[in-house]
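*Asks:* Contents of upload.pdb (PDB, C-alpha atoms):
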ATOM      1  CA  MET V  20     -70.362 180.477-113.400
ATOM      2  CA  ASN V  21     -73.443 182.059-114.884
ATOM      3  CA  LYS V  22     -75.429 180.931-111.871
ATOM      4  CA  GLU V  23     -73.004 182.658-109.490
ATOM      5  CA  ILE V  24     -73.278 185.971-111.367
ATOM      6  CA  ARG V  25     -77.064 185.753-111.340
ATOM      7  CA  LYS V  26     -77.048 185.334-107.550
ATOM      8  CA  ASP V  27     -75.277 188.699-107.216
ATOM      9  CA  LEU V  28     -77.806 190.480-109.425
ATOM     10  CA  PRO V  29     -80.866 191.993-107.676
ATOM     11  CA  THR V  30     -84.275 190.629-108.347
ATOM     12  CA  ALA V  31     -86.881 192.710-110.174
ATOM     13  CA  GLU V  32     -88.598 193.540-106.859
ATOM     14  CA  GLN V  33     -85.328 194.611-105.276
ATOM     15  CA  PHE V  34     -84.529 196.738-108.317
ATOM     16  CA  LEU V  35     -87.951 198.436-108.196
ATOM     17  CA  ALA V  36     -87.657 199.006-104.433
ATOM     18  CA  GLU V  37     -84.214 200.614-104.884
ATOM     19  CA  MET V  38     -85.535 202.836-107.709
ATOM     20  CA  LYS V  39     -88.452 203.871-105.515
ATOM     21  CA  ARG V  40     -86.066 204.682-102.625
ATOM     22  CA  LEU V  41     -83.798 206.785-104.887
ATOM     23  CA  ARG V  42     -86.803 208.610-106.369
ATOM     24  CA  TYR V  43     -88.138 209.360-102.857
ATOM     25  CA  LYS V  44     -84.709 210.626-101.763
ATOM     26  CA  ARG V  45     -84.454 212.901-104.828
ATOM     27  CA  ASN V  46     -88.011 214.239-104.312
ATOM     28  CA  PHE V  47     -87.342 214.785-100.608
ATOM     29  CA  ARG V  48     -84.248 216.877-101.426
ATOM     30  CA  LYS V  49     -86.220 218.911-103.985
ATOM     31  CA  THR V  50     -88.960 219.526-101.421
ATOM     32  CA  ILE V  51     -86.489 220.654 -98.748
ATOM     33  CA  ILE V  52     -84.642 222.952-101.174
ATOM     34  CA  GLY V  53     -87.929 224.369-102.463
ATOM     35  CA  THR V  54     -89.218 224.986 -98.943
ATOM     36  CA  LEU V  55     -85.988 226.652 -97.819
ATOM     37  CA  SER V  56     -85.917 228.805-100.957
ATOM     38  CA  SER V  57     -89.500 229.892-100.341
ATOM     39  CA  LEU V  58     -88.757 230.728 -96.702
ATOM     40  CA  ILE V  59     -85.705 232.784 -97.683
ATOM     41  CA  VAL V  60     -87.724 234.742-100.265
ATOM     42  CA  VAL V  61     -90.547 235.385 -97.772
ATOM     43  CA  ALA V  62     -88.047 236.503 -95.104
ATOM     44  CA  ALA V  63     -86.304 238.830 -97.568
ATOM     45  CA  ILE V  64     -89.627 240.368 -98.593
ATOM     46  CA  ALA V  65     -90.629 240.799 -94.929
ATOM     47  CA  VAL V  66     -87.328 242.530 -94.160
ATOM     48  CA  LEU V  67     -87.693 244.841 -97.158
ATOM     49  CA  ILE V  68     -91.257 245.742 -96.210
ATOM     50  CA  SER V  69     -90.260 246.419 -92.607
ATOM     51  CA  LEU V  70     -87.285 248.545 -93.632
ATOM     52  CA  LEU V  71     -88.965 250.477 -96.418
ATOM     53  CA  PHE V  72     -92.616 250.740 -95.443
ATOM     54  CA  LEU V  73     -93.456 249.496 -91.944
ATOM     55  CA  PRO V  74     -90.483 249.559 -89.552
ATOM     56  CA  VAL V  75     -90.892 247.706 -86.242
ATOM     57  CA  LEU V  76     -89.522 249.680 -83.282
ATOM     58  CA  ARG V  77     -88.939 248.924 -79.593
ATOM     59  CA  VAL V  78     -89.995 251.538 -77.037
ATOM     60  CA  THR V  79     -87.281 252.492 -74.550
ATOM     61  CA  GLY V  80     -87.582 254.934 -71.693
ATOM     62  CA  SER V  81     -90.533 256.556 -69.963
ATOM     63  CA  SER V  82     -91.060 259.831 -71.827
ATOM     64  CA  MET V  83     -94.263 258.529 -73.478
ATOM     65  CA  THR V  84     -95.913 256.939 -70.417
ATOM     66  CA  PRO V  85     -98.756 256.166 -69.884
ATOM     67  CA  THR V  86     -99.448 255.849 -73.642
ATOM     68  CA  MET V  87     -96.331 253.796 -74.415
ATOM     69  CA  GLN V  88     -94.505 251.577 -71.929
ATOM     70  CA  ASN V  89     -90.869 250.502 -71.896
ATOM     71  CA  ASP V  90     -90.084 247.436 -74.093
ATOM     72  CA  GLU V  91     -93.267 247.595 -76.178
ATOM     73  CA  LEU V  92     -92.961 246.751 -79.885
ATOM     74  CA  VAL V  93     -94.711 249.072 -82.327
ATOM     75  CA  ILE V  94     -95.141 249.362 -86.088
ATOM     76  CA  CYS V  95     -94.410 252.661 -87.758
ATOM     77  CA  SER V  96     -96.003 253.802 -91.034
ATOM     78  CA  LYS V  97     -93.763 255.834 -93.315
ATOM     79  CA  ARG V  98     -95.751 258.848 -94.425
ATOM     80  CA  SER V  99     -95.183 262.580 -94.496
ATOM     81  CA  ASP V 100     -98.434 264.215 -93.369
ATOM     82  CA  TYR V 101     -98.554 264.507 -89.592
ATOM     83  CA  GLU V 102    -101.281 266.003 -87.460
ATOM     84  CA  SER V 103    -101.407 267.223 -83.904
ATOM     85  CA  GLY V 104    -101.821 264.174 -81.656
ATOM     86  CA  ASP V 105     -99.921 261.698 -83.884
ATOM     87  CA  ILE V 106     -97.062 259.806 -82.251
ATOM     88  CA  ILE V 107     -94.013 259.822 -84.507
ATOM     89  CA  ALA V 108     -90.613 258.156 -84.554
ATOM     90  CA  PHE V 109     -87.582 260.235 -85.539
ATOM     91  CA  TYR V 110     -83.803 260.254 -85.425
ATOM     92  CA  PHE V 111     -82.068 262.445 -82.838
ATOM     93  CA  ASN V 112     -78.387 262.116 -81.907
ATOM     94  CA  ASN V 113     -78.109 258.659 -83.525
ATOM     95  CA  LYS V 114     -81.113 257.382 -81.560
ATOM     96  CA  ILE V 115     -84.705 256.771 -82.524
ATOM     97  CA  LEU V 116     -87.107 258.686 -80.297
ATOM     98  CA  LEU V 117     -90.886 258.544 -80.013
ATOM     99  CA  LYS V 118     -92.857 261.730 -79.262
ATOM    100  CA  ARG V 119     -96.305 263.204 -79.882
ATOM    101  CA  VAL V 120     -96.822 265.898 -82.536
ATOM    102  CA  ILE V 121     -98.142 269.074 -80.901
ATOM    103  CA  GLY V 122     -97.826 271.471 -83.827
ATOM    104  CA  THR V 123     -96.821 271.493 -87.477
ATOM    105  CA  ALA V 124     -95.221 274.161 -89.696
ATOM    106  CA  GLY V 125     -96.718 277.613 -89.069
ATOM    107  CA  ASP V 126     -98.534 276.694 -85.834
ATOM    108  CA  VAL V 127     -98.035 278.970 -82.825
ATOM    109  CA  ILE V 128     -97.370 277.002 -79.633
ATOM    110  CA  ASP V 129     -97.854 278.474 -76.159
ATOM    111  CA  ILE V 130     -97.328 276.553 -72.911
ATOM    112  CA  LYS V 131     -98.380 278.062 -69.583
ATOM    113  CA  GLU V 132     -96.589 277.551 -66.254
ATOM    114  CA  ASP V 133     -99.090 274.833 -65.249
ATOM    115  CA  GLY V 134     -98.291 272.874 -68.417
ATOM    116  CA  THR V 135    -101.466 273.727 -70.356
ATOM    117  CA  VAL V 136    -100.674 273.739 -74.085
ATOM    118  CA  TYR V 137    -102.251 276.129 -76.566
ATOM    119  CA  VAL V 138    -101.953 275.740 -80.331
ATOM    120  CA  ASN V 139    -102.914 278.784 -82.402
ATOM    121  CA  GLY V 140    -104.654 280.292 -79.353
ATOM    122  CA  GLU V 141    -106.826 277.238 -78.567
ATOM    123  CA  GLU V 142    -106.239 274.967 -75.607
ATOM    124  CA  LEU V 143    -105.090 271.537 -76.766
ATOM    125  CA  ASN V 144    -107.282 268.660 -75.536
ATOM    126  CA  GLU V 145    -104.785 266.123 -74.184
ATOM    127  CA  PRO V 146    -106.566 263.157 -72.566
ATOM    128  CA  TYR V 147    -103.336 261.126 -72.925
ATOM    129  CA  VAL V 148    -101.429 263.368 -70.456
ATOM    130  CA  GLN V 149    -101.773 262.500 -66.772
ATOM    131  CA  ASP V 150     -99.394 265.028 -65.257
ATOM    132  CA  LYS V 151     -99.359 268.409 -66.957
ATOM    133  CA  ALA V 152     -96.056 270.164 -66.353
ATOM    134  CA  LEU V 153     -93.918 272.775 -68.053
ATOM    135  CA  GLY V 154     -90.980 270.378 -67.665
ATOM    136  CA  GLU V 155     -87.532 271.114 -69.038
ATOM    137  CA  CYS V 156     -88.083 274.224 -71.120
ATOM    138  CA  ASP V 157     -85.609 276.844 -72.297
ATOM    139  CA  ILE V 158     -87.416 278.405 -75.278
ATOM    140  CA  ASP V 159     -89.623 281.491 -75.241
ATOM    141  CA  PHE V 160     -93.368 281.252 -75.776
ATOM    142  CA  PRO V 161     -95.362 281.850 -77.877
ATOM    143  CA  TYR V 162     -93.262 279.899 -80.358
ATOM    144  CA  GLN V 163     -93.974 279.540 -84.093
ATOM    145  CA  VAL V 164     -93.054 276.206 -85.679
ATOM    146  CA  PRO V 165     -90.687 276.767 -88.650
ATOM    147  CA  ASP V 166     -91.400 275.437 -92.156
ATOM    148  CA  SER V 167     -90.778 271.694 -92.770
ATOM    149  CA  ARG V 168     -90.642 270.968 -89.046
ATOM    150  CA  VAL V 169     -92.883 269.624 -86.292
ATOM    151  CA  PHE V 170     -93.070 270.539 -82.596
ATOM    152  CA  VAL V 171     -93.103 267.372 -80.457
ATOM    153  CA  MET V 172     -93.560 266.592 -76.775
ATOM    154  CA  GLY V 173     -93.557 263.419 -74.718
ATOM    155  CA  ASP V 174     -96.709 262.404 -72.843
ATOM    156  CA  HIS V 175     -94.822 262.258 -69.527
ATOM    157  CA  ARG V 176     -94.263 266.012 -69.524
ATOM    158  CA  SER V 177     -92.194 266.317 -66.349
ATOM    159  CA  THR V 178     -89.449 263.951 -67.586
ATOM    160  CA  SER V 179     -89.573 264.250 -71.386
ATOM    161  CA  VAL V 180     -86.827 266.092 -73.229
ATOM    162  CA  ASP V 181     -88.451 267.365 -76.403
ATOM    163  CA  SER V 182     -89.075 270.444 -78.578
ATOM    164  CA  ARG V 183     -89.383 272.602 -75.439
ATOM    165  CA  THR V 184     -85.576 272.604 -75.270
ATOM    166  CA  ALA V 185     -83.293 274.427 -77.701
ATOM    167  CA  MET V 186     -81.046 271.347 -77.674
ATOM    168  CA  MET V 187     -83.703 269.302 -79.527
ATOM    169  CA  GLY V 188     -85.942 271.987 -80.972
ATOM    170  CA  CYS V 189     -88.457 271.216 -83.683
ATOM    171  CA  ILE V 190     -87.896 268.068 -85.713
ATOM    172  CA  ALA V 191     -87.045 268.466 -89.404
ATOM    173  CA  ASP V 192     -89.095 266.386 -91.851
ATOM    174  CA  GLU V 193     -86.029 264.499 -93.128
ATOM    175  CA  TYR V 194     -85.363 263.039 -89.656
ATOM    176  CA  ILE V 195     -88.878 261.663 -89.228
ATOM    177  CA  ILE V 196     -89.227 257.906 -89.771
ATOM    178  CA  GLY V 197     -93.015 257.851 -89.626
ATOM    179  CA  ARG V 198     -96.174 257.704 -87.536
ATOM    180  CA  LEU V 199     -96.812 254.891 -85.045
ATOM    181  CA  ILE V 200     -99.888 252.907 -86.081
ATOM    182  CA  PHE V 201     -99.931 249.566 -84.265
ATOM    183  CA  ARG V 202     -98.700 248.013 -81.018
ATOM    184  CA  LEU V 203     -97.413 244.416 -81.442
ATOM    185  CA  TRP V 204     -96.267 243.652 -77.910
ATOM    186  CA  PRO V 205     -97.230 243.031 -75.128
ATOM    187  CA  TRP V 206    -100.153 240.797 -76.061
ATOM    188  CA  GLU V 207    -102.533 242.385 -73.560
ATOM    189  CA  ARG V 208    -102.032 245.838 -75.154
ATOM    190  CA  ILE V 209    -101.933 244.747 -78.802
ATOM    191  CA  GLY V 210    -103.867 247.009 -81.178
ATOM    192  CA  THR V 211    -103.900 250.320 -83.000
ATOM    193  CA  ILE V 212    -102.295 253.356 -81.458
TER     194      ILE V 212
END
Reformat the file's structure so that it appears as structure tokens.
*Replies:*
Amino acid sequence: MNKEIRKDLPTAEQFLAEMKRLRYKRNFRKTIIGTLSSLIVVAAIAVLISLLFLPVLRVTGSSMTPTMQNDELVICSKRSDYESGDIIAFYFNNKILLKRVIGTAGDVIDIKEDGTVYVNGEELNEPYVQDKALGECDIDFPYQVPDSRVFVMGDHRSTSVDSRTAMMGCIADEYIIGRLIFRLWPWERIGTI
């Protein structure tokens, strides 16, 4: 009977092979769990950075053509000091809009019938505008930008609804998300803004 029991027992080589297989299986599980944990942490950090510091936005509409095209992806830098010429993202009527800063608090804005913009009496150099136009405008000029606000306009002046209308007016600082700094998509236009 002892011989029959010994036949059922594994040999030393079989025992070592089984131990090696179990050890490999345990290490493989640890590696997978470790990798997944690392990926989850990296993804969480990326989401936090994008939400808190560098939001990624998708351009919709044509109010910023030719500078920005529909469906482009851009990165926005959260900061609070904006200058004339910066493109900013801001909330308006539960939407995120992109427009160019023309004037900041205290600046006097004047727009002539041909669409030429003057800031504090000096003509604004706007190489990014292809079609100067007064566009939709129902405010009186000259116009002084109130404190803690910025005067914005789209680059496609004939179609853009912006600070030239009383409906939108100047944008309060608390509604501004930040300044656009980098274009991610499409690949052929990737780069700083």
*Asks:* Between V:Ser82, V:Ile196, V:Asn113, V:Ala191, which residue has the minimum interatomic distance to V:Arg176, considering only C-alpha atoms?
*Replies:*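 Checking each candidate against V:Arg176, we get V:Ser82 as the closest.
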*Asks:* For stretch 127-142 of chain V, please output as a list of chain:residue names all residues within 6 Å (counting only C-alpha atoms; exclusion window: fewer than 2 positions along the same chain).
*Replies:*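 Everything that qualifies: V:Lys151, V:Ala152, V:Leu153, V:Phe160, V:Pro161, V:Tyr162, V:Gln163.
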*Asks:* With C-alpha atoms kept, could you save the residues just selected as a short mmCIF file (atom, residue, chain, number, x, y, z; two decimals), in the frame of the given file?
*Replies:*
data_model
loop_
_atom_site.label_atom_id
_atom_site.label_comp_id
_atom_site.auth_asym_id
_atom_site.auth_seq_id
_atom_site.Cartn_x
_atom_site.Cartn_y
_atom_site.Cartn_z
CA LYS V 151 -99.36 268.41 -66.96
CA ALA V 152 -96.06 270.16 -66.35
CA LEU V 153 -93.92 272.77 -68.05
CA PHE V 160 -93.37 281.25 -75.78
CA PRO V 161 -95.36 281.85 -77.88
CA TYR V 162 -93.26 279.90 -80.36
CA GLN V 163 -93.97 279.54 -84.09
#
*Asks:* What would the selection look like, as a PyMOL selection string, if the PyMOL selection byres ((chain V and resi 91-102) around 8) were run on the coordinates I just shared?
*Replies:* chain V and resi 71-79+87-90+103-105+107-108+120-123+192+196-205
*Asks:* In Å to one decimal, how far is atom CA of V:Asn46 from atom CA of V:Val61?
*Replies:*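 Atom CA of V:Asn46 lies at a distance of 22.3 Å from atom CA of V:Val61.
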*Asks:* Which distance in Å separates atom CA of V:Tyr147 and atom CA of V:Thr84, to one decimal?
*Replies:* 8.9 Å
*Asks:* Run the PyMOL selection byres ((chain V and resi 149) around 8) on the file and write out the hits as a list in words.
*Replies:*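 Output of the PyMOL selection byres ((chain V and resi 149) around 8): Pro85, Pro146, Tyr147, Val148, Asp150, Lys151, Asp174 and His175 of chain V.
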*Asks:* Could you put an axis-aligned box around every listed atom of stretch 115-132 of chain V, padded by 6 Å on each side, and send me its centre and edge lengths in Å to one decimal, as lines of an AutoDock Vina configuration file?
*Replies:*
center_x = -91.6
center_y = 267.9
center_z = -78.0
size_x = 25.8
size_y = 34.2
size_z = 35.4
*Asks:* Which residues, named as in the file, does the PyMOL selection byres ((chain V and resi 112) around 12) pick out? Answer as a VMD selection string.
*Replies:* chain V and resid 109 to 111 113 to 116 186 to 187 190 194
*Asks:* Mind giving me the straight-line distance from atom CA of V:Asp181 to atom CA of V:Leu117 in Å, one decimal?
*Replies:*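 Computing it gives 9.8 Å between the two atoms.
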*Asks:* With only C-alpha atoms as the counted atoms, please give the residues lying no more than 6 Å from V:Ser182, apart from itself and same-chain residues fewer than 6 positions off, as a PyMOL selection string.
*Replies:* chain V and resi 170-171+188-189
*Asks:* Using only C-alpha atoms, please write the residues we just selected to a file, as an mmCIF file, in the coordinates of the input.
*Replies:*
data_model
loop_
_atom_site.group_PDB
_atom_site.id
_atom_site.type_symbol
_atom_site.label_atom_id
_atom_site.label_comp_id
_atom_site.auth_asym_id
_atom_site.auth_seq_id
_atom_site.Cartn_x
_atom_site.Cartn_y
_atom_site.Cartn_z
ATOM 1 C CA PHE V 170 -93.070 270.539 -82.596
ATOM 2 C CA VAL V 171 -93.103 267.372 -80.457
ATOM 3 C CA GLY V 188 -85.942 271.987 -80.972
ATOM 4 C CA CYS V 189 -88.457 271.216 -83.683
#
*Asks:* Regenerate stretch 74-105 of chain V at the level of N, CA and C atoms and dump it as a JSON list (two decimals), in the frame of the given file.
*Replies:*
[["chain", "number", "residue", "atom", "x", "y", "z"],
["V", 74, "PRO", "N", -91.51, 249.96, -90.52],
["V", 74, "PRO", "CA", -90.48, 249.56, -89.55],
["V", 74, "PRO", "C", -91.09, 249.13, -88.21],
["V", 75, "VAL", "N", -90.49, 248.14, -87.58],
["V", 75, "VAL", "CA", -90.89, 247.71, -86.24],
["V", 75, "VAL", "C", -89.88, 248.30, -85.27],
["V", 76, "LEU", "N", -90.38, 248.99, -84.23],
["V", 76, "LEU", "CA", -89.52, 249.68, -83.28],
["V", 76, "LEU", "C", -89.80, 249.19, -81.86],
["V", 77, "ARG", "N", -88.80, 249.29, -81.01],
["V", 77, "ARG", "CA", -88.94, 248.92, -79.59],
["V", 77, "ARG", "C", -88.92, 250.20, -78.77],
["V", 78, "VAL", "N", -89.90, 250.36, -77.89],
["V", 78, "VAL", "CA", -90.00, 251.54, -77.04],
["V", 78, "VAL", "C", -88.98, 251.41, -75.90],
["V", 79, "THR", "N", -88.21, 252.46, -75.69],
["V", 79, "THR", "CA", -87.28, 252.49, -74.55],
["V", 79, "THR", "C", -87.50, 253.80, -73.80],
["V", 80, "GLY", "N", -87.43, 253.74, -72.50],
["V", 80, "GLY", "CA", -87.58, 254.93, -71.69],
["V", 80, "GLY", "C", -89.02, 255.16, -71.26],
["V", 81, "SER", "N", -89.22, 256.28, -70.55],
["V", 81, "SER", "CA", -90.53, 256.56, -69.96],
["V", 81, "SER", "C", -91.13, 257.87, -70.41],
["V", 82, "SER", "N", -90.57, 258.51, -71.43],
["V", 82, "SER", "CA", -91.06, 259.83, -71.83],
["V", 82, "SER", "C", -92.45, 259.80, -72.45],
["V", 83, "MET", "N", -92.94, 258.62, -72.87],
["V", 83, "MET", "CA", -94.26, 258.53, -73.48],
["V", 83, "MET", "C", -95.28, 257.80, -72.59],
["V", 84, "THR", "N", -94.94, 257.58, -71.31],
["V", 84, "THR", "CA", -95.91, 256.94, -70.42],
["V", 84, "THR", "C", -97.03, 257.93, -70.14],
["V", 85, "PRO", "N", -98.24, 257.52, -69.96],
["V", 85, "PRO", "CA", -98.76, 256.17, -69.88],
["V", 85, "PRO", "C", -99.12, 255.56, -71.25],
["V", 86, "THR", "N", -99.04, 256.34, -72.32],
["V", 86, "THR", "CA", -99.45, 255.85, -73.64],
["V", 86, "THR", "C", -98.59, 254.69, -74.10],
["V", 87, "MET", "N", -97.28, 254.82, -73.99],
["V", 87, "MET", "CA", -96.33, 253.80, -74.42],
["V", 87, "MET", "C", -95.49, 253.40, -73.20],
["V", 88, "GLN", "N", -95.29, 252.09, -73.04],
["V", 88, "GLN", "CA", -94.50, 251.58, -71.93],
["V", 88, "GLN", "C", -93.16, 251.07, -72.45],
["V", 89, "ASN", "N", -92.19, 251.01, -71.55],
["V", 89, "ASN", "CA", -90.87, 250.50, -71.90],
["V", 89, "ASN", "C", -90.97, 249.07, -72.44],
["V", 90, "ASP", "N", -90.19, 248.76, -73.46],
["V", 90, "ASP", "CA", -90.08, 247.44, -74.09],
["V", 90, "ASP", "C", -91.28, 247.03, -74.94],
["V", 91, "GLU", "N", -92.19, 247.93, -75.25],
["V", 91, "GLU", "CA", -93.27, 247.60, -76.18],
["V", 91, "GLU", "C", -92.71, 247.58, -77.60],
["V", 92, "LEU", "N", -93.31, 246.77, -78.46],
["V", 92, "LEU", "CA", -92.96, 246.75, -79.89],
["V", 92, "LEU", "C", -94.09, 247.40, -80.66],
["V", 93, "VAL", "N", -93.72, 248.33, -81.56],
["V", 93, "VAL", "CA", -94.71, 249.07, -82.33],
["V", 93, "VAL", "C", -94.34, 249.07, -83.80],
["V", 94, "ILE", "N", -95.36, 249.24, -84.64],
["V", 94, "ILE", "CA", -95.14, 249.36, -86.09],
["V", 94, "ILE", "C", -95.32, 250.82, -86.47],
["V", 95, "CYS", "N", -94.42, 251.27, -87.32],
["V", 95, "CYS", "CA", -94.41, 252.66, -87.76],
["V", 95, "CYS", "C", -94.75, 252.72, -89.25],
["V", 96, "SER", "N", -95.63, 253.63, -89.63],
["V", 96, "SER", "CA", -96.00, 253.80, -91.03],
["V", 96, "SER", "C", -95.25, 254.99, -91.61],
["V", 97, "LYS", "N", -94.52, 254.74, -92.69],
["V", 97, "LYS", "CA", -93.76, 255.83, -93.32],
["V", 97, "LYS", "C", -94.72, 256.68, -94.14],
["V", 98, "ARG", "N", -94.94, 257.89, -93.69],
["V", 98, "ARG", "CA", -95.75, 258.85, -94.42],
["V", 98, "ARG", "C", -95.30, 260.23, -94.03],
["V", 99, "SER", "N", -95.74, 261.25, -94.74],
["V", 99, "SER", "CA", -95.18, 262.58, -94.50],
["V", 99, "SER", "C", -96.20, 263.61, -94.01],
["V", 100, "ASP", "N", -97.46, 263.25, -93.86],
["V", 100, "ASP", "CA", -98.43, 264.21, -93.37],
["V", 100, "ASP", "C", -98.79, 263.88, -91.92],
["V", 101, "TYR", "N", -98.36, 264.75, -91.01],
["V", 101, "TYR", "CA", -98.55, 264.51, -89.59],
["V", 101, "TYR", "C", -99.51, 265.55, -89.05],
["V", 102, "GLU", "N", -100.32, 265.12, -88.09],
["V", 102, "GLU", "CA", -101.28, 266.00, -87.46],
["V", 102, "GLU", "C", -101.00, 266.07, -85.97],
["V", 103, "SER", "N", -101.52, 267.10, -85.35],
["V", 103, "SER", "CA", -101.41, 267.22, -83.90],
["V", 103, "SER", "C", -102.05, 266.00, -83.26],
["V", 104, "GLY", "N", -101.33, 265.37, -82.33],
["V", 104, "GLY", "CA", -101.82, 264.17, -81.66],
["V", 104, "GLY", "C", -101.18, 262.89, -82.15],
["V", 105, "ASP", "N", -100.60, 262.89, -83.36],
["V", 105, "ASP", "CA", -99.92, 261.70, -83.88],
["V", 105, "ASP", "C", -98.65, 261.44, -83.08]]
